[in-house]
Structures are given as structure tokens and as C-alpha cells.
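Here the structure is laid out as C-alpha cells; the discussion comes afterwards.
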Amino acid sequence: MGKHQPALLGGLFIGILSSLPIVSLGNCCCLWVLGGGMLVVYLQQQNTPMPVQTGDAAIGGLIAGAVGGLILCVVQLVLMQAAGPLVFDQMRAEMSKNPQMPPQAMAFIERLMTGGGLAVIMFAVVLPLFSVFALLGSLLGLVFFRKKTPPQPPQQSMMG
């Protein structure tokens, strides 16, 4: 297994489970993101007889979170492009029923939804959030999956 393969597999775990319609509800407390970070450490530890280093686990968690967040953002943007016009028409109809909404607010929301603004917001929020929580998951994974350091053999004294 390559050095970053556990992180990529953890990212796939995060991205796919976070994108599935009903299964994604488990991500309300970043469950899939934390689990993906823990999966990274589990897979890293399977590749080595020595304990996984904290830095390796942390970097793997960051990569997994970024990959998972990227997958989620891409899937959501594709879905929004497919269903977007219908959703935006319904939203526009609901907003027009509210006489208290200023026209500038309505114009801002329309620009945000139809342009790349929503994509920028998704990437700016999801990627860092998923990266941090997957990092925390990988540190938690160290608690559960890191092998114990083997005992050192007793030192022979030179006195004799």
C-alpha cells in the first residue's frame, strides 16, 4: 500500500458516505468524517509493525478530510446543477411572497444561487471543516489502533 493510499481511502469513505442521501444524515456530528480519519490510522497501522507516528496520522487525516470534502462538494454541485432550476424557481416564488424582503436581498440571493458564489462558499466551509474533523478522527484513531511500542531489551552493563 502506498504512503498516501490510506488517506485516499479514508477520503473516499468520507466523501461517499457524506454524499449518499439518507446515509449522509449520520454526518450531522461529523460522524463519517471522524470515522474516515480513524480509518486512515487503522489502514496505516496495518502496513507497519511499528507504531504509527502522530505526524503521519495527522497528515493522513488532513488529506482524507480534504479528499472527502472535495468529493462532497463536487457531488452537491452536480446535483444542484441538475435540480437547480426547479429549486431556484420554487425559492424565488417563496421569496416573492414575502413583501418584507428588500429587493437587494432577493437580488443577492439570486446571484449567489445562480453564479459560482455557492460553490465558493461550499469549498471555503466544507474543505477546512472536513480536514480539521478528519484530523481529529485520526488522532482518535491513534488511541484505538496504534500498536504499543515493543519493550526494549535490557541493557548489558560493561562492568563485569
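Naming works like this for the C-alpha cells: A, B, ... for the chains as they're shown, residue 1 at the start of each chain, ligands 1 onward in shown order.
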
Quiz item: So which residues touch range 121-124 of chain A within 10 Å, counting only C-alpha atoms, skipping near sequence neighbours fewer than 2 positions away, as number ranges by chain?
Solution: A: 66, 69-70, 72-74, 76-77, 112, 116-119, 126-129

Practice problem: as an MDAnalysis selection string, please: all residues of range 110-153 of chain A that backbone DSSP puts in helix (DSSP H, G or I). | Solution: chainID A and resid 110:114 117:145

Quiz item: Which neighbours of range 4-11 of chain A fall inside 6 Å, counting only C-alpha atoms, when residues of the same chain fewer than 2 positions from it are skipped, and could you give them as JSON, numbers by chain?
Solution: {"A": [2, 13, 14, 15, 36, 39, 40, 43, 60, 63, 64, 65, 67, 68]}

Self-check item: Nearby residues (only C-alpha atoms) at most 12 Å from Lys148 in chain A, same-chain spacing under 5 positions excluded, as a VMD selection string
Solution: chain A and resid 45 49 to 53 142 to 143

Grab the residues selected above and save them as an mmCIF file, in the first residue's frame with C-alpha atoms.
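Final output, saved to result39.cif:
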data_model
loop_
_atom_site.group_PDB
_atom_site.id
_atom_site.type_symbol
_atom_site.label_atom_id
_atom_site.label_comp_id
_atom_site.auth_asym_id
_atom_site.auth_seq_id
_atom_site.Cartn_x
_atom_site.Cartn_y
_atom_site.Cartn_z
ATOM 1 C CA GLN A 45 -1.120 0.699 11.205
ATOM 2 C CA PRO A 49 4.954 -3.366 12.596
ATOM 3 C CA MET A 50 5.985 -0.174 14.381
ATOM 4 C CA PRO A 51 3.512 2.254 15.951
ATOM 5 C CA VAL A 52 2.118 4.880 13.578
ATOM 6 C CA GLN A 53 3.721 8.258 14.152
ATOM 7 C CA LEU A 142 -4.242 6.585 17.312
ATOM 8 C CA VAL A 143 -5.827 5.862 20.690
#

Self-check item: Selected residue of minimal separation from Leu12 in chain A among A:Phe145, A:Tyr42, A:Trp32, A:Phe108, counting only C-alpha atoms
Solution: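 Among A:Phe145, A:Tyr42, A:Trp32, A:Phe108, it is A:Trp32 that comes nearest to Leu12 in chain A.
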
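One finds CA of Pro21 in chain A at 14.1 Å from CA of Ile71 in chain A.
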
Quiz item: What gap, in Å, lies between CA of Asn27 in chain A and CA of Thr54 in chain A?
Solution: 25.0 Å

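As for CA of Val75 in chain A and CA of Val33 in chain A, they are spaced 16.1 Å apart.
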
Exercise. Return the single residue from A:Pro102, A:Ala57, A:Ser19, A:Glu110 that is closest to Asp89 in chain A, with distances computed using only C-alpha atoms.
Key: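 Among A:Pro102, A:Ala57, A:Ser19, A:Glu110, it is A:Glu110 that comes nearest to Asp89 in chain A.
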